[in-house]
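Trainee: What follows is the file work07.cif, containing mmCIF, C-alpha atoms:
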data_input
loop_
_atom_site.group_PDB
_atom_site.id
_atom_site.type_symbol
_atom_site.label_atom_id
_atom_site.label_comp_id
_atom_site.auth_asym_id
_atom_site.auth_seq_id
_atom_site.Cartn_x
_atom_site.Cartn_y
_atom_site.Cartn_z
ATOM 1 C CA MET A 1 -6.904 15.097 -2.160
ATOM 2 C CA ARG A 2 -7.852 11.537 -1.286
ATOM 3 C CA ILE A 3 -5.204 9.028 -0.248
ATOM 4 C CA LEU A 4 -5.826 5.335 0.398
ATOM 5 C CA VAL A 5 -3.423 3.450 2.631
ATOM 6 C CA ALA A 6 -3.991 -0.252 1.960
ATOM 7 C CA GLY A 7 -2.504 -2.838 4.281
ATOM 8 C CA VAL A 8 -2.167 -6.166 2.477
ATOM 9 C CA GLY A 9 -0.860 -9.602 3.380
ATOM 10 C CA ASN A 10 -1.696 -12.912 4.972
ATOM 11 C CA VAL A 11 -1.709 -12.804 8.783
ATOM 12 C CA PHE A 12 -1.461 -16.609 8.867
ATOM 13 C CA LEU A 13 1.975 -16.589 7.191
ATOM 14 C CA GLY A 14 4.182 -14.822 9.722
ATOM 15 C CA ASP A 15 5.852 -11.743 8.275
ATOM 16 C CA ASP A 16 3.459 -11.688 5.319
ATOM 17 C CA GLY A 17 1.033 -10.046 7.776
ATOM 18 C CA PHE A 18 3.245 -6.944 7.948
ATOM 19 C CA GLY A 19 0.905 -4.726 5.890
ATOM 20 C CA VAL A 20 -2.066 -5.678 8.045
ATOM 21 C CA ALA A 21 -0.079 -4.886 11.205
ATOM 22 C CA VAL A 22 0.881 -1.452 9.861
ATOM 23 C CA ALA A 23 -2.747 -0.738 8.902
ATOM 24 C CA GLY A 24 -3.782 -1.627 12.453
ATOM 25 C CA HIS A 25 -1.128 0.698 13.875
ATOM 26 C CA LEU A 26 -2.215 3.525 11.563
ATOM 27 C CA ALA A 27 -5.864 3.035 12.518
ATOM 28 C CA ARG A 28 -4.864 4.302 15.981
ATOM 29 C CA THR A 29 -2.908 7.273 14.580
ATOM 30 C CA ASP A 30 -4.012 10.833 13.887
ATOM 31 C CA LEU A 31 -3.809 11.128 10.098
ATOM 32 C CA PRO A 32 -4.074 14.127 7.784
ATOM 33 C CA GLY A 33 -7.520 14.873 6.337
ATOM 34 C CA GLY A 34 -8.340 12.894 3.228
ATOM 35 C CA VAL A 35 -6.222 9.876 4.252
ATOM 36 C CA GLU A 36 -8.112 6.590 4.691
ATOM 37 C CA VAL A 37 -6.547 3.410 6.069
ATOM 38 C CA LYS A 38 -8.030 0.031 5.154
ATOM 39 C CA ASP A 39 -6.962 -3.527 5.891
ATOM 40 C CA PHE A 40 -7.357 -5.563 2.696
ATOM 41 C CA GLY A 41 -5.493 -8.616 3.950
ATOM 42 C CA ILE A 42 -5.507 -11.211 1.174
ATOM 43 C CA ARG A 43 -8.417 -9.657 -0.740
ATOM 44 C CA GLY A 44 -6.534 -8.449 -3.813
ATOM 45 C CA VAL A 45 -9.627 -8.461 -6.028
ATOM 46 C CA HIS A 46 -11.466 -6.334 -3.454
ATOM 47 C CA LEU A 47 -8.539 -3.883 -3.467
ATOM 48 C CA ALA A 48 -8.681 -3.701 -7.285
ATOM 49 C CA TYR A 49 -12.389 -2.840 -7.150
ATOM 50 C CA GLU A 50 -11.730 -0.220 -4.450
ATOM 51 C CA LEU A 51 -9.039 1.391 -6.612
ATOM 52 C CA THR A 52 -11.300 1.247 -9.664
ATOM 53 C CA GLY A 53 -14.183 3.132 -8.101
ATOM 54 C CA GLY A 54 -12.696 4.840 -5.052
ATOM 55 C CA GLY A 55 -11.558 8.082 -6.657
ATOM 56 C CA TYR A 56 -8.199 8.113 -4.883
ATOM 57 C CA ASP A 57 -5.457 10.434 -6.080
ATOM 58 C CA VAL A 58 -2.726 8.383 -4.404
ATOM 59 C CA THR A 59 -2.624 4.870 -2.996
ATOM 60 C CA ILE A 60 0.038 3.737 -0.548
ATOM 61 C CA LEU A 61 0.204 -0.050 -0.395
ATOM 62 C CA VAL A 62 1.913 -1.614 2.622
ATOM 63 C CA ASP A 63 3.159 -5.180 2.265
ATOM 64 C CA ALA A 64 5.996 -7.611 2.886
ATOM 65 C CA VAL A 65 8.394 -7.397 -0.069
ATOM 66 C CA SER A 66 11.302 -9.755 -0.718
ATOM 67 C CA ARG A 67 14.214 -7.763 -2.129
ATOM 68 C CA ASP A 68 17.149 -9.742 -0.662
ATOM 69 C CA GLY A 69 17.875 -7.141 2.020
ATOM 70 C CA PRO A 70 18.174 -7.707 5.747
ATOM 71 C CA PRO A 71 14.884 -8.560 7.506
ATOM 72 C CA GLY A 72 13.028 -5.479 8.691
ATOM 73 C CA ILE A 73 14.494 -3.056 6.136
ATOM 74 C CA LEU A 74 11.887 -0.767 4.566
ATOM 75 C CA TYR A 75 11.575 0.083 0.896
ATOM 76 C CA VAL A 76 9.515 2.682 -0.947
ATOM 77 C CA LEU A 77 8.729 1.455 -4.451
ATOM 78 C CA GLU A 78 6.465 2.621 -7.243
ATOM 79 C CA PRO A 79 4.933 -0.526 -8.739
ATOM 80 C CA SER A 80 3.479 -0.588 -12.229
ATOM 81 C CA ALA A 81 0.841 -2.799 -13.769
ATOM 82 C CA GLY A 82 1.894 -6.364 -14.563
ATOM 83 C CA ASP A 83 0.210 -9.219 -16.366
ATOM 84 C CA VAL A 84 -3.298 -10.189 -15.348
ATOM 85 C CA PRO A 85 -3.515 -13.937 -14.709
ATOM 86 C CA ARG A 86 -5.993 -15.862 -16.838
ATOM 87 C CA SER A 87 -7.591 -17.285 -13.723
ATOM 88 C CA PHE A 88 -8.195 -15.809 -10.316
ATOM 89 C CA ALA A 89 -8.381 -19.247 -8.702
ATOM 90 C CA ASP A 90 -5.750 -18.050 -6.224
ATOM 91 C CA ALA A 91 -6.852 -14.433 -5.880
ATOM 92 C CA HIS A 92 -5.345 -14.364 -2.368
ATOM 93 C CA SER A 93 -1.811 -14.277 -3.743
ATOM 94 C CA MET A 94 -2.186 -11.364 -6.156
ATOM 95 C CA THR A 95 0.882 -9.129 -6.356
ATOM 96 C CA PRO A 96 0.574 -5.323 -6.332
ATOM 97 C CA GLU A 97 1.392 -5.343 -10.052
ATOM 98 C CA THR A 98 -1.422 -7.811 -10.742
ATOM 99 C CA VAL A 99 -3.889 -5.722 -8.715
ATOM 100 C CA LEU A 100 -2.942 -2.613 -10.705
ATOM 101 C CA SER A 101 -3.416 -4.492 -13.977
ATOM 102 C CA LEU A 102 -6.826 -5.663 -12.849
ATOM 103 C CA VAL A 103 -7.786 -2.052 -12.123
ATOM 104 C CA GLY A 104 -7.086 -1.289 -15.793
ATOM 105 C CA VAL A 105 -9.047 -4.321 -16.960
ATOM 106 C CA LEU A 106 -11.987 -3.130 -14.861
ATOM 107 C CA GLY A 107 -11.816 0.261 -16.584
ATOM 108 C CA GLY A 108 -10.374 2.189 -13.667
ATOM 109 C CA GLU A 109 -7.398 4.425 -13.060
ATOM 110 C CA ALA A 110 -5.411 3.863 -9.870
ATOM 111 C CA GLY A 111 -3.643 7.241 -9.812
ATOM 112 C CA ARG A 112 -0.197 7.322 -8.261
ATOM 113 C CA VAL A 113 0.691 4.165 -6.340
ATOM 114 C CA LEU A 114 3.508 3.851 -3.829
ATOM 115 C CA LEU A 115 4.479 0.660 -2.026
ATOM 116 C CA VAL A 116 5.989 0.682 1.445
ATOM 117 C CA GLY A 117 7.540 -2.753 1.692
ATOM 118 C CA CYS A 118 9.372 -4.584 4.418
ATOM 119 C CA GLN A 119 11.872 -7.385 3.891
ATOM 120 C CA PRO A 120 10.407 -10.439 5.662
ATOM 121 C CA ALA A 121 12.449 -12.869 7.729
ATOM 122 C CA ASP A 122 9.923 -15.715 7.981
ATOM 123 C CA THR A 123 6.735 -16.311 5.988
ATOM 124 C CA SER A 124 6.099 -19.825 7.233
ATOM 125 C CA PRO A 125 2.712 -20.625 8.818
ATOM 126 C CA GLY A 126 2.193 -18.729 12.045
ATOM 127 C CA MET A 127 0.496 -15.588 13.279
ATOM 128 C CA ARG A 128 3.469 -13.674 14.715
ATOM 129 C CA LEU A 129 5.796 -11.265 13.010
ATOM 130 C CA SER A 130 9.497 -11.987 13.419
ATOM 131 C CA PRO A 131 11.291 -9.555 15.770
ATOM 132 C CA PRO A 132 12.948 -7.451 13.015
ATOM 133 C CA VAL A 133 9.674 -7.111 11.097
ATOM 134 C CA ALA A 134 7.660 -6.384 14.254
ATOM 135 C CA ASP A 135 10.202 -3.645 15.054
ATOM 136 C CA ALA A 136 9.619 -2.154 11.591
ATOM 137 C CA VAL A 137 5.843 -1.673 12.026
ATOM 138 C CA ALA A 138 5.986 1.693 13.829
ATOM 139 C CA ARG A 139 8.767 2.945 11.517
ATOM 140 C CA ALA A 140 6.671 1.959 8.492
ATOM 141 C CA ALA A 141 3.618 3.724 9.923
ATOM 142 C CA ASP A 142 5.715 6.883 10.383
ATOM 143 C CA LEU A 143 6.991 6.533 6.806
ATOM 144 C CA VAL A 144 3.426 6.202 5.473
ATOM 145 C CA VAL A 145 2.370 9.376 7.319
ATOM 146 C CA GLU A 146 5.433 11.167 5.929
ATOM 147 C CA LEU A 147 4.673 10.008 2.364
ATOM 148 C CA ALA A 148 1.024 11.042 2.681
ATOM 149 C CA GLY A 149 2.119 14.465 3.918
ATOM 150 C CA GLN A 150 4.511 14.822 0.982
ATOM 151 C CA GLN A 151 1.763 13.916 -1.493
ATOM 152 C CA ILE A 152 -0.625 16.440 0.071
ATOM 153 C CA ALA A 153 2.065 19.164 0.038
ATOM 154 C CA MET A 154 2.850 18.467 -3.634
ATOM 155 C CA ALA A 155 -0.841 18.654 -4.521
ATOM 156 C CA LEU A 156 -1.219 21.957 -2.668
ATOM 157 C CA ALA A 157 1.887 23.387 -4.331
ATOM 158 C CA THR A 158 0.633 22.325 -7.753
ATOM 159 C CA ALA A 159 -2.809 23.798 -7.059
ATOM 160 C CA GLY A 160 -1.176 27.054 -5.936
ATOM 161 C CA HIS A 161 0.854 27.301 -9.134
ATOM 162 C CA GLU A 162 -2.206 26.624 -11.270
ATOM 163 C CA GLU A 163 -4.112 29.343 -9.389
ATOM 164 C CA GLU A 164 -1.268 31.818 -10.001
ATOM 165 C CA ARG A 165 -1.347 31.110 -13.727
ATOM 166 C CA THR A 166 -5.105 31.636 -14.007
ATOM 167 C CA CYS A 167 -5.115 34.988 -12.168
#
What do you get writing this file as structure tokens?
Mentor:
Amino acid sequence: MRILVAGVGNVFLGDDGFGVAVAGHLARTDLPGGVEVKDFGIRGVHLAYELTGGGYDVTILVDAVSRDGPPGILYVLEPSAGDVPRSFADAHSMTPETVLSLVGVLGGEAGRVLLVGCQPADTSPGMRLSPPVADAVARAADLVVELAGQQIAMALATAGHEEERTC
């Protein structure tokens, strides 16, 4: 099983750099085999191409997500494809849904996609995470490892059941 953990966001807009910070934290963490961590930053089109040709079974996106909760709260969402904009003039601000739609336009299949999101406190220009979001980085990294482990366990259980049926 191959799992991509993709940190996304703009490090120049405060808490929007959350996904990049989590990817950096995970890069220094012992991860299960088959799990790759990449920092995509604001390169949504690059992420779409990676998902199109990468052969991943599961992708875990990590990003700042506004859901009207208290700053620093974590969410696990399962985004679906949205509308593809007519122009990619502002490809830096592509949403996860737009990236997934672009994967389809490019002829790819993203597999299962989970989004670990954090409620931002401040996305104004600046290169520091707010205290509640900075405190959420390690918790989010732990959550990503837990989700990856769950996906691997489910794949192994499914493979075991298929093997039992073919015997």
Trainee: Which polymer residues have any atom within 8 Å of an atom of region 17-20 of chain A, counting all atoms listed in the file, with same-chain residues fewer than 5 positions away left out, as a list of chain:residue names?
Mentor: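 Counting all atoms listed in the file, the residues come to A:Ala6, A:Gly7, A:Val8, A:Gly9, A:Asn10, A:Val11, A:Phe12, A:Asp39, A:Phe40, A:Gly41, A:Leu61, A:Val62, A:Asp63, A:Ala64, A:Cys118, A:Met127, A:Leu129, A:Val133, A:Ala134, A:Val137.
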Trainee: Got a sec to resolve the PyMOL selection byres ((chain A and resi 103) around 9) on this structure and send the residues as a list of chain:residue names?
Mentor: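 With the shown file as input, the PyMOL selection byres ((chain A and resi 103) around 9) matches A:Leu47, A:Ala48, A:Tyr49, A:Glu50, A:Leu51, A:Thr52, A:Ala81, A:Thr98, A:Val99, A:Leu100, A:Ser101, A:Leu102, A:Gly104, A:Val105, A:Leu106, A:Gly107, A:Gly108, A:Glu109, A:Ala110.
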Trainee: I need the residue nearest Ile3 (chain A) from this list: A:Arg28, A:Arg67, A:Arg112, A:His46. Use all atoms listed in the file for the distance.
Mentor: A:Arg112
Trainee: The PyMOL selection byres ((chain A and resi 116) around 12) on the file shown: which residues, as a PyMOL selection string?
Mentor: chain A and resi 5-8+18-19+22-23+59-66+72-79+96+113-115+117-119+136-137+139-148
Trainee: When you count all atoms listed in the file, which of these residues is closest to Glu36 (chain A): A:Asp16, A:Asp57, A:Asp135, A:Asp122?
Mentor: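 With all atoms listed in the file as the atom set, the closest residue is A:Asp57.
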Trainee: Which one of A:Leu13, A:Ala121, A:Val35, A:Leu26 sits closest to Pro70 (chain A) if you count all atoms listed in the file?
Mentor: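 The closest residue to Pro70 (chain A) is A:Ala121.
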Trainee: Between CA of Arg2 (chain A) and CA of Gly55 (chain A), what is the distance, to one decimal in Å?
Mentor: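 Between CA of Arg2 (chain A) and CA of Gly55 (chain A) the gap is 7.4 Å.
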Trainee: Could you tell me how far CA of Arg128 (chain A) sits from CA of Gly44 (chain A), in Å to one decimal place?
Mentor: 21.7 Å
Trainee: Rounded to one decimal place, report the CA of Pro125 (chain A)-CA of Ala21 (chain A) distance in Å.
Mentor: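 Computing it gives 16.2 Å between the two atoms.
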Trainee: Which of these, A:Pro131, A:Gly69, A:Gly34, A:Gly111, has the shortest distance to Gly14 (chain A) once you count all atoms listed in the file?
Mentor: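 Smallest distance to Gly14 (chain A) is found for A:Pro131.
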Trainee: Restricting the calculation to all atoms listed in the file: of A:Val58, A:Gly126, A:Arg43, A:His25, which residue gets closest to Gln151 (chain A)?
Mentor: A:Val58
Trainee: Show me that you can extract region 50-63 of chain A, keeping C-alpha atoms, and write it as an mmCIF file, in the first residue's frame.
Mentor:
data_model
loop_
_atom_site.group_PDB
_atom_site.id
_atom_site.type_symbol
_atom_site.label_atom_id
_atom_site.label_comp_id
_atom_site.auth_asym_id
_atom_site.auth_seq_id
_atom_site.Cartn_x
_atom_site.Cartn_y
_atom_site.Cartn_z
ATOM 1 C CA GLU A 50 1.424 13.780 -8.439
ATOM 2 C CA LEU A 51 -1.970 12.258 -7.622
ATOM 3 C CA THR A 52 -2.613 11.532 -11.298
ATOM 4 C CA GLY A 53 0.541 9.521 -11.854
ATOM 5 C CA GLY A 54 1.744 8.605 -8.369
ATOM 6 C CA GLY A 55 -0.147 5.350 -7.903
ATOM 7 C CA TYR A 56 -1.189 6.138 -4.335
ATOM 8 C CA ASP A 57 -3.910 4.096 -2.672
ATOM 9 C CA VAL A 58 -4.625 6.795 -0.089
ATOM 10 C CA THR A 59 -3.738 10.470 0.125
ATOM 11 C CA ILE A 60 -3.830 12.398 3.386
ATOM 12 C CA LEU A 61 -3.899 16.135 2.742
ATOM 13 C CA VAL A 62 -2.929 18.433 5.614
ATOM 14 C CA ASP A 63 -4.109 22.035 5.440
#
